Amino acid sequence: MSRTFIMIKPDAVKNKHVGDILARIEKEGFRILGLKFLRLTELDAKQFYKVHSARPFYNDLCKYMSSGNIVAAALERENAFQHWRDVIGATDPREAKPGTIRALYAESKEANSVHGSDSDENADFEISFFFKGNELF
C-alpha cells in the first residue's frame, strides 16, 4: 500500500463537485486517511507550491489556490499516486481523457479541479504539510 495527497481546488468546491469527486475516490478503491476543508492563505500556497517558485505561473497559481476553499485529503491504496494521476487526467482538461476528473469538472488548465502528488516523495511532503500524525487514520 502507498499513500498520495490530493486537493480539490477552489473551482471544484465552488461548483459543488466535492461529493462527486469524493465518491470517485472511494469507487477507485482509495482509503481516505485524512480529510480537511479549509482555505489556504497566499503564504500557505507559496510554501506548498515552492517547488514551482521559478516557473512563470507560480504567482498566479498561488493567488488562485488561495482564492477560495479547498479540500485536502491523504489517500491510500496500491500504486496510489500513479493511480490518482490516471484518474484525474491531464493538467489541461482539453487534453484529459474522457471520464477523468479533469475532463468532467475542470474549467481550464489553471482551474483544473484537483491536485495530485506527482511522486511518492512529494506525496510524503504534501501529506505532512496538511496533516499531523494523529490526524491520519
# chains A, B, ... in the order shown; residues from 1 in each chain; ligands from 1

call {"tool": "residues_around", "arguments": {"residues": "Asp86 in chain A", "least_positions_apart": "5", "cutoff": "10 Å", "atoms": "only C-alpha atoms", "output": "list in words"}}
result
Ala80, Phe81, Ala96, Lys97, Thr100, Ile101 and Gly116 of chain A

call {"tool": "write_last_selection", "arguments": {"atoms": "C-alpha atoms", "output": "PDB file, in the first residue's frame"}}
result
ATOM      1  CA  ALA A  80      -1.646   5.372  -5.028  1.00  0.00           C
ATOM      2  CA  PHE A  81      -0.006   8.385  -6.640  1.00  0.00           C
ATOM      3  CA  ALA A  96      -7.659  14.874 -20.489  1.00  0.00           C
ATOM      4  CA  LYS A  97      -9.130  11.507 -21.431  1.00  0.00           C
ATOM      5  CA  THR A 100     -11.233  11.593 -15.965  1.00  0.00           C
ATOM      6  CA  ILE A 101     -11.966  14.093 -13.212  1.00  0.00           C
ATOM      7  CA  GLY A 116      -2.422  15.148  -7.176  1.00  0.00           C
TER       8      GLY A 116
END

call {"tool": "select_by_dssp", "arguments": {"residues": "range 11-136 of chain A", "states": "strand (DSSP E or B)", "output": "list of chain:residue names"}}
result
A:Arg31, A:Ile32, A:Leu33, A:Gly34, A:Leu35, A:Lys36, A:Phe37, A:Leu38, A:Arg39, A:Asn69, A:Ile70, A:Val71, A:Ala72, A:Ala73, A:Ala74, A:Leu75, A:Glu76, A:Arg77, A:Val114, A:His115, A:Gly116

call {"tool": "write_last_selection", "arguments": {"atoms": "N, CA and C atoms", "output": "mmCIF file, in the first residue's frame"}}
result
data_model
loop_
_atom_site.group_PDB
_atom_site.id
_atom_site.type_symbol
_atom_site.label_atom_id
_atom_site.label_comp_id
_atom_site.auth_asym_id
_atom_site.auth_seq_id
_atom_site.Cartn_x
_atom_site.Cartn_y
_atom_site.Cartn_z
ATOM 1 N N ARG A 31 -8.569 4.412 0.136
ATOM 2 C CA ARG A 31 -8.988 4.566 1.525
ATOM 3 C C ARG A 31 -8.626 5.987 1.934
ATOM 4 N N ILE A 32 -9.587 6.729 2.471
ATOM 5 C CA ILE A 32 -9.331 8.100 2.918
ATOM 6 C C ILE A 32 -8.745 8.045 4.315
ATOM 7 N N LEU A 33 -7.491 8.526 4.436
ATOM 8 C CA LEU A 33 -6.790 8.513 5.714
ATOM 9 C C LEU A 33 -7.012 9.792 6.510
ATOM 10 N N GLY A 34 -7.263 10.886 5.806
ATOM 11 C CA GLY A 34 -7.490 12.179 6.425
ATOM 12 C C GLY A 34 -8.153 13.100 5.422
ATOM 13 N N LEU A 35 -8.991 13.997 5.934
ATOM 14 C CA LEU A 35 -9.761 14.885 5.064
ATOM 15 C C LEU A 35 -9.967 16.205 5.797
ATOM 16 N N LYS A 36 -9.687 17.310 5.103
ATOM 17 C CA LYS A 36 -9.864 18.645 5.695
ATOM 18 C C LYS A 36 -10.484 19.586 4.678
ATOM 19 N N PHE A 37 -11.368 20.438 5.169
ATOM 20 C CA PHE A 37 -11.967 21.508 4.384
ATOM 21 C C PHE A 37 -11.381 22.802 4.925
ATOM 22 N N LEU A 38 -10.701 23.568 4.090
ATOM 23 C CA LEU A 38 -10.040 24.771 4.570
ATOM 24 C C LEU A 38 -9.802 25.764 3.446
ATOM 25 N N ARG A 39 -9.253 26.891 3.816
ATOM 26 C CA ARG A 39 -8.862 27.913 2.846
ATOM 27 C C ARG A 39 -7.396 28.239 3.080
ATOM 28 N N ASN A 69 -12.146 28.107 -0.956
ATOM 29 C CA ASN A 69 -11.973 26.917 -0.123
ATOM 30 C C ASN A 69 -11.449 25.747 -0.939
ATOM 31 N N ILE A 70 -10.756 24.865 -0.241
ATOM 32 C CA ILE A 70 -10.240 23.631 -0.834
ATOM 33 C C ILE A 70 -10.555 22.464 0.097
ATOM 34 N N VAL A 71 -10.430 21.272 -0.433
ATOM 35 C CA VAL A 71 -10.498 20.057 0.364
ATOM 36 C C VAL A 71 -9.161 19.351 0.183
ATOM 37 N N ALA A 72 -8.491 19.064 1.286
ATOM 38 C CA ALA A 72 -7.216 18.346 1.276
ATOM 39 C C ALA A 72 -7.469 16.935 1.791
ATOM 40 N N ALA A 73 -6.823 15.955 1.167
ATOM 41 C CA ALA A 73 -7.022 14.573 1.606
ATOM 42 C C ALA A 73 -5.756 13.756 1.412
ATOM 43 N N ALA A 74 -5.538 12.858 2.354
ATOM 44 C CA ALA A 74 -4.498 11.840 2.241
ATOM 45 C C ALA A 74 -5.205 10.533 1.918
ATOM 46 N N LEU A 75 -4.715 9.850 0.898
ATOM 47 C CA LEU A 75 -5.348 8.619 0.425
ATOM 48 C C LEU A 75 -4.356 7.468 0.441
ATOM 49 N N GLU A 76 -4.892 6.250 0.459
ATOM 50 C CA GLU A 76 -4.056 5.062 0.449
ATOM 51 C C GLU A 76 -4.664 4.010 -0.465
ATOM 52 N N ARG A 77 -3.813 3.325 -1.189
ATOM 53 C CA ARG A 77 -4.156 2.155 -1.999
ATOM 54 C C ARG A 77 -2.872 1.681 -2.670
ATOM 55 N N VAL A 114 -8.585 19.541 -9.484
ATOM 56 C CA VAL A 114 -7.890 18.728 -8.484
ATOM 57 C C VAL A 114 -6.374 18.798 -8.638
ATOM 58 N N HIS A 115 -5.720 18.553 -7.525
ATOM 59 C CA HIS A 115 -4.264 18.410 -7.479
ATOM 60 C C HIS A 115 -3.973 16.978 -7.089
ATOM 61 N N GLY A 116 -2.889 16.457 -7.600
ATOM 62 C CA GLY A 116 -2.422 15.148 -7.176
ATOM 63 C C GLY A 116 -0.914 15.118 -7.099
#

call {"tool": "select_by_dssp", "arguments": {"residues": "range 46-132 of chain A", "states": "helix (DSSP H, G or I)", "output": "PyMOL selection string"}}
result
chain A and resi 46-48+50-52+58-65+80-88+101-105+120-130

call {"tool": "closest_residue", "arguments": {"among": "A:Phe5, A:Tyr105, A:Tyr58, A:Tyr49", "to": "Ser128 in chain A", "atoms": "only C-alpha atoms"}}
result
A:Phe5

call {"tool": "closest_residue", "arguments": {"among": "A:Ala111, A:Ala54, A:Lys16, A:Arg3", "to": "Leu136 in chain A", "atoms": "only C-alpha atoms"}}
result
A:Arg3

call {"tool": "atom_distance", "arguments": {"atom1": "CA of Asn112 in chain A", "atom2": "CA of Glu28 in chain A"}}
result
19.5 Å

call {"tool": "closest_residue", "arguments": {"among": "A:Ala90, A:Ile8, A:Ile25, A:Leu104", "to": "Gly68 in chain A", "atoms": "only C-alpha atoms"}}
result
A:Ile8

call {"tool": "closest_residue", "arguments": {"among": "A:Asn59, A:Gly89, A:Asp11, A:Asn79", "to": "Asp120 in chain A", "atoms": "only C-alpha atoms"}}
result
A:Asn79

call {"tool": "closest_residue", "arguments": {"among": "A:Glu121, A:Glu135, A:Glu126, A:Ala106", "to": "Val13 in chain A", "atoms": "only C-alpha atoms"}}
result
A:Ala106

call {"tool": "atom_distance", "arguments": {"atom1": "CA of Cys62 in chain A", "atom2": "CA of Glu95 in chain A"}}
result
23.1 Å

call {"tool": "atom_distance", "arguments": {"atom1": "CA of Ser119 in chain A", "atom2": "CA of Arg85 in chain A"}}
result
9.8 Å

call {"tool": "residues_around", "arguments": {"residues": "Glu42 in chain A", "least_positions_apart": "6", "cutoff": "9 Å", "atoms": "only C-alpha atoms", "output": "compact mmCIF listing (two decimals) with N, CA and C atoms, in the first residue's frame"}}
result
# COMPACT_ATOMS: atom_id res chain seq x y z
N CYS A 62 -0.52 30.53 -6.95
CA CYS A 62 -0.69 30.78 -5.51
C CYS A 62 -1.88 31.68 -5.23
N LYS A 63 -2.10 32.68 -6.06
CA LYS A 63 -3.29 33.54 -5.90
C LYS A 63 -4.57 32.74 -6.11
N TYR A 64 -4.57 31.92 -7.14
CA TYR A 64 -5.75 31.10 -7.41
C TYR A 64 -6.03 30.13 -6.26
N MET A 65 -4.99 29.45 -5.79
CA MET A 65 -5.20 28.44 -4.74
C MET A 65 -5.62 29.05 -3.41
N SER A 66 -5.39 30.32 -3.23
CA SER A 66 -5.84 31.00 -2.00
C SER A 66 -7.12 31.80 -2.23
N SER A 67 -7.74 31.64 -3.38
CA SER A 67 -8.93 32.43 -3.73
C SER A 67 -10.23 31.85 -3.21

call {"tool": "closest_residue", "arguments": {"among": "A:Met7, A:Val87, A:Ala12, A:Met1", "to": "Ala45 in chain A", "atoms": "only C-alpha atoms"}}
result
A:Met7

call {"tool": "residues_around", "arguments": {"residues": "Pro93 in chain A", "least_positions_apart": "5", "cutoff": "8 Å", "atoms": "only C-alpha atoms", "output": "list in words"}}
result
Arg102, Ala103, Ala106, Glu107, Ser108, Lys109 and Asn112 of chain A
